[in-house]
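Here's model26.txt, which has compact mmCIF, C-alpha atoms:
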```txt
# COMPACT_ATOMS: atom_id res chain seq x y z
CA MET A 1 10.06 13.16 6.62
CA GLN A 2 9.77 14.19 10.26
CA HIS A 3 6.53 13.91 12.17
CA PRO A 4 5.91 15.56 15.54
CA ASP A 5 4.86 12.26 17.08
CA ASN A 6 7.86 10.30 15.87
CA ASP A 7 9.52 10.39 19.28
CA THR A 8 6.81 8.35 20.93
CA ASN A 9 5.93 6.10 17.99
CA ALA A 10 9.51 5.31 17.14
CA ARG A 11 9.90 3.24 20.28
CA ASP A 12 7.76 0.47 18.84
CA PRO A 13 8.15 0.23 15.09
CA ALA A 14 5.29 -2.29 14.87
CA MET A 15 2.93 0.42 16.14
CA ASN A 16 4.30 3.23 14.00
CA THR A 17 2.50 3.17 10.66
CA ASP A 18 3.43 6.68 9.57
CA PHE A 19 5.74 5.09 7.00
CA SER A 20 2.69 3.59 5.37
CA GLN A 21 1.11 7.03 4.96
CA GLN A 22 4.28 8.29 3.30
CA VAL A 23 3.92 6.04 0.28
CA ALA A 24 2.42 7.72 -2.79
CA TRP A 25 -0.45 5.25 -3.19
CA ASN A 26 -2.23 5.40 -6.54
CA GLU A 27 -5.86 6.42 -7.05
CA GLN A 28 -6.94 2.92 -5.92
CA GLY A 29 -4.79 3.22 -2.79
CA LEU A 30 -2.28 0.69 -4.15
CA ALA A 31 1.39 0.49 -5.05
CA PRO A 32 3.33 -2.19 -6.94
CA ALA A 33 5.51 -4.30 -4.65
CA ILE A 34 8.41 -6.20 -6.17
CA ALA A 35 9.62 -9.19 -4.15
CA VAL A 36 13.24 -10.25 -4.54
CA ASP A 37 15.06 -13.16 -2.96
CA ALA A 38 17.11 -11.75 -0.07
CA SER A 39 20.06 -14.08 -0.78
CA SER A 40 20.31 -14.09 -4.56
CA GLY A 41 18.56 -10.81 -5.35
CA GLN A 42 16.49 -12.59 -8.01
CA VAL A 43 13.14 -11.01 -8.76
CA LEU A 44 10.47 -13.47 -7.62
CA MET A 45 7.19 -11.72 -8.35
CA MET A 46 5.30 -8.46 -8.42
CA ALA A 47 2.07 -7.92 -6.51
CA TRP A 48 0.18 -4.99 -5.01
CA MET A 49 0.07 -3.50 -1.55
CA ASN A 50 -2.13 -0.98 0.18
CA ALA A 51 -1.42 0.96 3.37
CA GLU A 52 -2.90 -1.76 5.56
CA SER A 53 -1.04 -4.63 3.92
CA LEU A 54 2.24 -2.73 4.17
CA ALA A 55 1.74 -1.97 7.87
CA LEU A 56 0.76 -5.59 8.54
CA SER A 57 3.75 -6.90 6.57
CA VAL A 58 6.06 -4.91 8.82
CA ARG A 59 4.25 -5.97 11.98
CA GLU A 60 4.11 -9.67 11.03
CA LYS A 61 7.52 -9.70 9.29
CA ARG A 62 6.09 -11.44 6.23
CA ALA A 63 4.83 -10.25 2.86
CA ILE A 64 1.13 -9.42 2.90
CA TYR A 65 -0.27 -8.12 -0.36
CA TRP A 66 -3.60 -6.78 -1.49
CA SER A 67 -5.29 -9.15 -3.91
CA ARG A 68 -7.03 -7.04 -6.52
CA SER A 69 -8.92 -10.02 -7.95
CA ARG A 70 -10.20 -11.17 -4.58
CA GLY A 71 -10.50 -7.68 -3.08
CA LYS A 72 -8.89 -8.66 0.19
CA LEU A 73 -5.60 -9.02 2.02
CA TRP A 74 -3.43 -11.83 0.69
CA ARG A 75 -1.04 -13.28 3.23
CA LYS A 76 1.39 -14.82 0.77
CA GLY A 77 1.71 -18.50 1.59
CA GLU A 78 -1.56 -18.69 3.54
CA GLU A 79 -2.68 -21.67 1.43
CA SER A 80 0.58 -23.16 0.19
CA GLY A 81 2.70 -22.51 3.28
CA ASN A 82 5.19 -20.76 1.00
CA VAL A 83 5.41 -17.70 3.21
CA GLN A 84 7.73 -14.82 2.33
CA LYS A 85 9.68 -13.82 5.43
CA LEU A 86 10.42 -10.13 5.26
CA HIS A 87 14.05 -9.00 5.48
CA SER A 88 13.76 -5.41 4.30
CA ILE A 89 11.50 -2.96 2.53
CA ARG A 90 12.60 -0.25 0.17
CA LEU A 91 10.74 2.58 -1.53
CA ASP A 92 11.71 4.23 -4.79
CA CYS A 93 12.47 7.86 -5.63
CA ASP A 94 8.85 8.67 -6.50
CA ARG A 95 7.67 6.86 -3.36
CA ASP A 96 5.16 4.91 -5.43
CA THR A 97 6.85 1.50 -5.79
CA LEU A 98 8.00 -0.88 -3.06
CA LEU A 99 10.80 -3.43 -3.12
CA LEU A 100 10.74 -6.29 -0.62
CA GLU A 101 13.71 -8.47 0.18
CA VAL A 102 12.26 -11.79 1.31
CA GLU A 103 13.20 -15.30 2.23
CA GLN A 104 10.92 -17.47 0.12
CA VAL A 105 9.94 -20.44 2.29
CA GLY A 106 9.68 -23.59 0.17
CA GLY A 107 11.66 -21.90 -2.61
CA ILE A 108 8.55 -21.45 -4.76
CA ALA A 109 7.06 -17.99 -5.26
CA CYS A 110 4.79 -18.69 -8.25
CA HIS A 111 1.36 -20.28 -8.04
CA THR A 112 2.33 -22.37 -11.10
CA GLY A 113 4.88 -24.19 -8.94
CA ARG A 114 7.89 -22.31 -10.29
CA LYS A 115 10.60 -20.57 -8.28
CA HIS A 116 9.59 -17.20 -9.65
CA CYS A 117 6.82 -15.75 -11.79
CA PHE A 118 8.86 -14.36 -14.70
CA TYR A 119 9.18 -17.59 -16.64
CA HIS A 120 8.15 -16.35 -20.09
CA THR A 121 11.10 -15.02 -22.03
CA LEU A 122 10.96 -13.33 -25.42
CA ASN A 123 12.99 -15.45 -27.82
CA ALA A 124 14.80 -14.42 -31.01
CA GLN A 125 11.69 -15.28 -33.04
CA GLY A 126 9.67 -12.73 -31.07
CA GLU A 127 7.68 -15.38 -29.18
CA TRP A 128 7.14 -15.76 -25.45
CA GLU A 129 8.85 -19.00 -24.53
CA ILE A 130 8.64 -20.83 -21.20
CA ALA A 131 12.15 -20.70 -19.77
CA GLU A 132 11.66 -22.04 -16.27
CA PRO A 133 10.59 -25.57 -15.30
CA VAL A 134 7.82 -26.34 -12.83
CA ALA A 135 9.66 -27.20 -9.61
CA LYS A 136 6.60 -28.54 -7.81
CA ASP A 137 3.22 -29.69 -9.13
CA PRO A 138 0.84 -26.83 -8.24
CA LYS A 139 -1.81 -29.42 -7.34
CA THR A 140 0.34 -30.35 -4.36
CA LEU A 141 0.76 -26.68 -3.36
CA TYR A 142 -2.89 -25.96 -2.70
CA GLY A 143 -5.83 -27.79 -1.24
CA LYS A 144 -8.05 -26.44 -3.99
CA PRO A 145 -7.51 -25.18 -7.53
CA HIS A 146 -5.83 -21.76 -7.46
CA GLU A 147 -7.02 -18.86 -9.56
CA MET B 1 0.65 -19.02 -28.06
CA GLN B 2 0.67 -19.94 -31.74
CA HIS B 3 -0.52 -17.57 -34.41
CA PRO B 4 -1.24 -18.60 -38.00
CA ASP B 5 1.09 -15.92 -39.37
CA ASN B 6 4.02 -16.76 -37.12
CA ASP B 7 5.85 -18.51 -39.95
CA THR B 8 6.26 -15.33 -41.94
CA ASN B 9 6.61 -12.84 -39.08
CA ALA B 10 9.09 -14.95 -37.16
CA ARG B 11 11.76 -14.35 -39.78
CA ASP B 12 12.19 -10.78 -38.65
CA PRO B 13 11.57 -10.42 -34.93
CA ALA B 14 11.74 -6.64 -35.22
CA MET B 15 8.65 -6.76 -37.41
CA ASN B 16 6.73 -9.30 -35.35
CA THR B 17 4.83 -7.46 -32.67
CA ASP B 18 2.39 -10.25 -31.82
CA PHE B 19 4.27 -10.65 -28.53
CA SER B 20 3.18 -7.16 -27.62
CA GLN B 21 -0.48 -8.08 -28.09
CA GLN B 22 -0.05 -11.08 -25.81
CA VAL B 23 0.66 -8.96 -22.75
CA ALA B 24 -2.35 -8.48 -20.44
CA TRP B 25 -2.23 -4.67 -20.52
CA ASN B 26 -4.32 -2.96 -17.85
CA GLU B 27 -7.36 -0.77 -18.48
CA GLN B 28 -5.01 2.11 -19.40
CA GLY B 29 -3.12 -0.14 -21.83
CA LEU B 30 -0.10 -0.26 -19.52
CA ALA B 31 1.96 -2.83 -17.63
CA PRO B 32 4.62 -2.35 -14.95
CA ALA B 33 8.13 -2.98 -16.26
CA ILE B 34 10.88 -3.79 -13.76
CA ALA B 35 14.42 -3.10 -14.96
CA VAL B 36 17.24 -5.14 -13.46
CA ASP B 37 20.96 -4.90 -14.09
CA ALA B 38 21.86 -7.75 -16.46
CA SER B 39 25.17 -8.42 -14.67
CA SER B 40 24.30 -8.12 -10.99
CA GLY B 41 20.54 -8.76 -11.16
CA GLN B 42 19.97 -5.70 -8.96
CA VAL B 43 16.60 -4.03 -9.38
CA LEU B 44 17.24 -0.59 -10.86
CA MET B 45 13.77 0.88 -11.29
CA MET B 46 10.16 0.30 -12.17
CA ALA B 47 8.39 2.16 -14.94
CA TRP B 48 5.46 1.56 -17.27
CA MET B 49 5.21 0.25 -20.80
CA ASN B 50 2.45 0.11 -23.36
CA ALA B 51 2.26 -2.09 -26.46
CA GLU B 52 4.05 0.48 -28.60
CA SER B 53 6.89 1.09 -26.15
CA LEU B 54 7.44 -2.65 -25.74
CA ALA B 55 7.57 -3.24 -29.50
CA LEU B 56 9.93 -0.28 -29.94
CA SER B 57 12.15 -1.48 -27.07
CA VAL B 58 12.60 -4.80 -28.84
CA ARG B 59 13.20 -3.17 -32.21
CA GLU B 60 15.69 -0.60 -30.85
CA LYS B 61 17.25 -2.95 -28.27
CA ARG B 62 16.89 -0.36 -25.52
CA ALA B 63 14.33 0.29 -22.80
CA ILE B 64 11.56 2.60 -23.96
CA TYR B 65 8.85 3.27 -21.41
CA TRP B 66 5.55 5.11 -21.41
CA SER B 67 5.71 8.22 -19.26
CA ARG B 68 2.37 8.56 -17.51
CA SER B 69 3.15 12.07 -16.27
CA ARG B 70 4.21 13.33 -19.69
CA GLY B 71 1.78 11.16 -21.66
CA LYS B 72 4.37 10.12 -24.22
CA LEU B 73 7.07 7.60 -25.02
CA TRP B 74 10.11 7.88 -22.79
CA ARG B 75 13.31 6.66 -24.37
CA LYS B 76 15.23 6.09 -21.15
CA GLY B 77 18.47 8.07 -21.37
CA GLU B 78 17.23 10.42 -24.07
CA GLU B 79 18.27 13.43 -21.98
CA SER B 80 20.97 12.05 -19.72
CA GLY B 81 22.56 9.62 -22.17
CA ASN B 82 22.07 6.90 -19.55
CA VAL B 83 20.45 4.51 -22.00
CA GLN B 84 19.37 1.04 -20.90
CA LYS B 85 20.59 -1.48 -23.47
CA LEU B 86 18.15 -4.35 -23.58
CA HIS B 87 19.48 -7.85 -22.95
CA SER B 88 16.25 -9.77 -22.38
CA ILE B 89 12.57 -9.34 -21.64
CA ARG B 90 10.51 -11.59 -19.43
CA LEU B 91 6.79 -11.75 -18.71
CA ASP B 92 5.21 -13.10 -15.55
CA CYS B 93 2.64 -15.87 -15.01
CA ASP B 94 -0.32 -13.49 -15.28
CA ARG B 95 1.24 -11.86 -18.36
CA ASP B 96 0.69 -8.43 -16.82
CA THR B 97 4.19 -7.52 -15.57
CA LEU B 98 7.42 -7.24 -17.55
CA LEU B 99 10.99 -7.78 -16.38
CA LEU B 100 13.82 -6.25 -18.40
CA GLU B 101 17.44 -7.23 -18.07
CA VAL B 102 19.43 -4.19 -19.10
CA GLU B 103 22.91 -2.80 -19.27
CA GLN B 104 22.68 0.58 -17.58
CA VAL B 105 24.94 2.92 -19.52
CA GLY B 106 26.63 5.37 -17.15
CA GLY B 107 25.74 3.18 -14.19
CA ILE B 108 22.98 5.55 -13.06
CA ALA B 109 19.34 4.55 -13.44
CA CYS B 110 17.74 7.12 -11.12
CA HIS B 111 16.99 10.72 -12.03
CA THR B 112 18.33 11.70 -8.58
CA GLY B 113 21.80 10.62 -9.72
CA ARG B 114 21.77 7.31 -7.86
CA LYS B 115 22.56 3.89 -9.27
CA HIS B 116 19.02 2.69 -8.69
CA CYS B 117 15.71 4.18 -7.57
CA PHE B 118 15.03 2.12 -4.43
CA TYR B 119 17.15 4.19 -2.08
CA HIS B 120 14.68 4.65 0.78
CA THR B 121 14.85 1.79 3.24
CA LEU B 122 12.57 1.29 6.22
CA ASN B 123 14.72 1.38 9.33
CA ALA B 124 14.11 -0.22 12.73
CA GLN B 125 12.39 2.96 13.91
CA GLY B 126 9.81 2.63 11.15
CA GLU B 127 11.18 5.58 9.17
CA TRP B 128 12.17 5.76 5.52
CA GLU B 129 15.91 6.37 5.52
CA ILE B 130 18.09 7.24 2.55
CA ALA B 131 20.43 4.28 2.11
CA GLU B 132 22.14 5.06 -1.16
CA PRO B 133 24.45 7.97 -1.93
CA VAL B 134 24.10 10.24 -4.92
CA ALA B 135 26.70 8.97 -7.39
CA LYS B 136 26.43 11.91 -9.76
CA ASP B 137 24.97 15.37 -9.28
CA PRO B 138 21.64 15.31 -11.14
CA LYS B 139 22.33 18.84 -12.38
CA THR B 140 25.10 17.38 -14.52
CA LEU B 141 22.81 14.62 -15.83
CA TYR B 142 20.30 16.85 -17.54
CA GLY B 143 20.38 20.03 -19.54
CA LYS B 144 17.32 21.28 -17.66
CA PRO B 145 15.69 20.53 -14.31
CA HIS B 146 14.11 17.09 -14.34
CA GLU B 147 10.61 16.42 -13.02
```
Show me this structure written as structure tokens.
Amino acid sequence: MQHPDNDTNARDPAMNTDFSQQVAWNEQGLAPAIAVDASSGQVLMMAWMNAESLALSVREKRAIYWSRSRGKLWRKGEESGNVQKLHSIRLDCDRDTLLLEVEQVGGIACHTGRKHCFYHTLNAQGEWEIAEPVAKDPKTLYGKPHE
Amino acid sequence: MQHPDNDTNARDPAMNTDFSQQVAWNEQGLAPAIAVDASSGQVLMMAWMNAESLALSVREKRAIYWSRSRGKLWRKGEESGNVQKLHSIRLDCDRDTLLLEVEQVGGIACHTGRKHCFYHTLNAQGEWEIAEPVAKDPKTLYGKPHE
């Protein structure tokens, strides 16, 4: 999509937030953001972004989500230090879902101390089974109990 | 999570839909479902599921989503033949997001005729750029124009 002011804004991508307006945010102003490991491509987690968090993620080159439960920006890793360094951002065909390629500092994306959040797998008996070990005790990840 | 009737239901996973009740569906009864290629791990698309579509996906061993725009079950590939054969289903730590490992029949997940849906990438100028070619003319994918 071309904008008349692209010529000036394009010089400093950190200042150009038109891209953020071009996402089809839902009625709450949010879009799902899937974070994948930039090296392995493994899906780490899914969280939510709004226009501000997307623009800030690009400016600060790290994943910044919108925490629906806390109603505020969530700079991933702000407590644990497990920052997600941003390598690339993609947008899907409907422009309503984001895909982030990140470098997961500390190797742990999940607040339970696992590498990724998708650790329940449906087994042959039709039960959700835990299929991923805790890599690091979550008590050592945070100074206080995490929601 | 253990249920008192697991002993009987567990014999036939296709009949046990307790797992579907254990997902933390949102206020619309939906959860995001991320589909990844079972071989490469590449993220193909994100769609939505409800309890019925999840149970049916497991029973029919193919991805069946809930189409929010059409307000009905969406058997992925029902028009194009590009079915997603289901290899595994995962659930995240909050139990509100699903991850499907699928075999994408025809190699095309996106209704635009691309391999996957995340074909816009944010370039250094802060513009969404198309970074994935059309692999197959969408006119040949569907009998009628696709929404």
- Interatomic distance, CA of Asn82 in chain B to CA of Gln42 in chain B (Å, one decimal): 16.6 Å
- Task: Please return, as a ChimeraX atom specification, all residues of chain A lying within 7 Å of chain B when all atoms listed in the file are considered.
- Result: /A:10-11,13,16,19,41-42,89-93,117-122,124-128
- Message: For a test of reading the model, state the distance in Å between CA of Lys139 in chain A and CA of Tyr65 in chain A, rounded to one decimal.
- Response: 22.5 Å
- Message: Show me, as a VMD selection string, the residues that have an atom within 12 Å of Glu52 in chain A when counting all atoms listed in the file, minus same-chain residues fewer than 2 positions from it.
- Response: chain A and resid 17 to 21 23 25 29 to 31 48 to 50 54 to 60 63 to 66 72 to 75
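Of note, CA of Glu103 in chain B and CA of Glu132 in chain B are spaced 19.8 Å apart.
Residue nearest Gln84 in chain B, chosen from B:Asp37, B:Ser53, B:Lys136, B:Gly113 and counting only C-alpha atoms: B:Asp37.
Using only C-alpha atoms, the residues found no farther than 8 Å from Lys85 in chain B, other than those of its own chain fewer than 3 positions away, are Lys61, Arg62, Ala63, Val102, Glu103, Gln104 and Val105 of chain B.
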Box dimensions and centre (Å, one decimal) enclosing range 86-101 of chain B, axis-aligned, 8 Å extra per side, as JSON:
```
{"center_x": 9.6, "center_y": -10.1, "center_z": -19.3, "size_x": 35.8, "size_y": 27.5, "size_z": 24.6}
```
Can I get range 61-72 of chain A with all heavy atoms filled in, as a JSON list (two decimals), in the coordinates of the input?
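Dumped everything to selection.json:
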```
[["chain", "number", "residue", "atom", "x", "y", "z"],
["A", 61, "LYS", "N", 6.24, -9.32, 9.89],
["A", 61, "LYS", "CA", 7.52, -9.70, 9.29],
["A", 61, "LYS", "C", 7.37, -10.73, 8.18],
["A", 61, "LYS", "O", 8.16, -11.66, 8.04],
["A", 61, "LYS", "CB", 8.50, -10.20, 10.38],
["A", 61, "LYS", "CG", 8.86, -9.15, 11.42],
["A", 61, "LYS", "CD", 9.92, -9.67, 12.39],
["A", 61, "LYS", "CE", 10.37, -8.62, 13.38],
["A", 61, "LYS", "NZ", 9.30, -8.07, 14.25],
["A", 62, "ARG", "N", 6.30, -10.59, 7.40],
["A", 62, "ARG", "CA", 6.09, -11.44, 6.23],
["A", 62, "ARG", "C", 5.36, -10.60, 5.18],
["A", 62, "ARG", "O", 4.69, -9.61, 5.53],
["A", 62, "ARG", "CB", 5.25, -12.67, 6.59],
["A", 62, "ARG", "CG", 3.89, -12.34, 7.16],
["A", 62, "ARG", "CD", 3.09, -13.56, 7.53],
["A", 62, "ARG", "NE", 2.51, -14.20, 6.35],
["A", 62, "ARG", "CZ", 1.59, -15.16, 6.42],
["A", 62, "ARG", "NH1", 1.17, -15.61, 7.59],
["A", 62, "ARG", "NH2", 1.11, -15.70, 5.32],
["A", 63, "ALA", "N", 5.47, -11.02, 3.92],
["A", 63, "ALA", "CA", 4.83, -10.25, 2.86],
["A", 63, "ALA", "C", 3.33, -10.49, 2.86],
["A", 63, "ALA", "O", 2.88, -11.63, 2.76],
["A", 63, "ALA", "CB", 5.42, -10.63, 1.50],
["A", 64, "ILE", "N", 2.59, -9.38, 2.98],
["A", 64, "ILE", "CA", 1.13, -9.42, 2.90],
["A", 64, "ILE", "C", 0.73, -8.43, 1.82],
["A", 64, "ILE", "O", 1.04, -7.24, 1.91],
["A", 64, "ILE", "CB", 0.50, -9.06, 4.26],
["A", 64, "ILE", "CG1", 0.95, -10.08, 5.32],
["A", 64, "ILE", "CG2", -1.03, -9.03, 4.14],
["A", 64, "ILE", "CD1", 0.51, -9.75, 6.74],
["A", 65, "TYR", "N", 0.10, -8.96, 0.78],
["A", 65, "TYR", "CA", -0.27, -8.12, -0.36],
["A", 65, "TYR", "C", -1.76, -7.82, -0.32],
["A", 65, "TYR", "O", -2.49, -8.34, 0.53],
["A", 65, "TYR", "CB", 0.08, -8.84, -1.67],
["A", 65, "TYR", "CG", 1.54, -9.20, -1.80],
["A", 65, "TYR", "CD1", 1.99, -10.51, -1.61],
["A", 65, "TYR", "CD2", 2.48, -8.23, -2.10],
["A", 65, "TYR", "CE1", 3.33, -10.84, -1.72],
["A", 65, "TYR", "CE2", 3.83, -8.55, -2.22],
["A", 65, "TYR", "CZ", 4.25, -9.86, -2.03],
["A", 65, "TYR", "OH", 5.58, -10.17, -2.14],
["A", 66, "TRP", "N", -2.19, -7.00, -1.27],
["A", 66, "TRP", "CA", -3.60, -6.78, -1.49],
["A", 66, "TRP", "C", -3.97, -7.48, -2.79],
["A", 66, "TRP", "O", -3.40, -7.18, -3.84],
["A", 66, "TRP", "CB", -3.93, -5.28, -1.58],
["A", 66, "TRP", "CG", -5.39, -5.04, -1.87],
["A", 66, "TRP", "CD1", -5.96, -4.70, -3.07],
["A", 66, "TRP", "CD2", -6.47, -5.15, -0.93],
["A", 66, "TRP", "NE1", -7.31, -4.58, -2.93],
["A", 66, "TRP", "CE2", -7.66, -4.86, -1.63],
["A", 66, "TRP", "CE3", -6.55, -5.47, 0.42],
["A", 66, "TRP", "CZ2", -8.91, -4.88, -1.03],
["A", 66, "TRP", "CZ3", -7.79, -5.49, 1.03],
["A", 66, "TRP", "CH2", -8.96, -5.20, 0.31],
["A", 67, "SER", "N", -4.85, -8.44, -2.71],
["A", 67, "SER", "CA", -5.29, -9.15, -3.91],
["A", 67, "SER", "C", -6.38, -8.34, -4.59],
["A", 67, "SER", "O", -7.47, -8.17, -4.05],
["A", 67, "SER", "CB", -5.82, -10.54, -3.55],
["A", 67, "SER", "OG", -6.48, -11.09, -4.69],
["A", 68, "ARG", "N", -6.04, -7.84, -5.79],
["A", 68, "ARG", "CA", -7.03, -7.04, -6.52],
["A", 68, "ARG", "C", -8.18, -7.92, -7.02],
["A", 68, "ARG", "O", -9.33, -7.50, -7.03],
["A", 68, "ARG", "CB", -6.35, -6.33, -7.70],
["A", 68, "ARG", "CG", -5.29, -5.31, -7.24],
["A", 68, "ARG", "CD", -4.63, -4.65, -8.43],
["A", 68, "ARG", "NE", -4.05, -5.66, -9.32],
["A", 68, "ARG", "CZ", -3.62, -5.43, -10.55],
["A", 68, "ARG", "NH1", -3.70, -4.21, -11.04],
["A", 68, "ARG", "NH2", -3.11, -6.39, -11.27],
["A", 69, "SER", "N", -7.87, -9.15, -7.42],
["A", 69, "SER", "CA", -8.92, -10.02, -7.95],
["A", 69, "SER", "C", -9.88, -10.47, -6.86],
["A", 69, "SER", "O", -11.08, -10.57, -7.07],
["A", 69, "SER", "CB", -8.32, -11.25, -8.66],
["A", 69, "SER", "OG", -7.53, -11.99, -7.75],
["A", 70, "ARG", "N", -9.34, -10.71, -5.67],
["A", 70, "ARG", "CA", -10.20, -11.17, -4.58],
["A", 70, "ARG", "C", -10.68, -10.03, -3.68],
["A", 70, "ARG", "O", -11.56, -10.21, -2.84],
["A", 70, "ARG", "CB", -9.45, -12.23, -3.75],
["A", 70, "ARG", "CG", -9.34, -13.58, -4.50],
["A", 70, "ARG", "CD", -8.51, -14.59, -3.72],
["A", 70, "ARG", "NE", -7.08, -14.36, -3.91],
["A", 70, "ARG", "CZ", -6.12, -15.01, -3.27],
["A", 70, "ARG", "NH1", -6.43, -15.93, -2.38],
["A", 70, "ARG", "NH2", -4.84, -14.76, -3.52],
["A", 71, "GLY", "N", -10.07, -8.85, -3.87],
["A", 71, "GLY", "CA", -10.50, -7.68, -3.08],
["A", 71, "GLY", "C", -10.28, -7.84, -1.60],
["A", 71, "GLY", "O", -11.09, -7.39, -0.78],
["A", 72, "LYS", "N", -9.18, -8.50, -1.24],
["A", 72, "LYS", "CA", -8.89, -8.66, 0.19],
["A", 72, "LYS", "C", -7.39, -8.86, 0.42],
["A", 72, "LYS", "O", -6.63, -9.07, -0.53],
["A", 72, "LYS", "CB", -9.68, -9.82, 0.78],
["A", 72, "LYS", "CG", -9.36, -11.19, 0.19],
["A", 72, "LYS", "CD", -10.11, -12.28, 0.96],
["A", 72, "LYS", "CE", -9.63, -13.67, 0.56],
["A", 72, "LYS", "NZ", -10.17, -14.73, 1.39]]
```
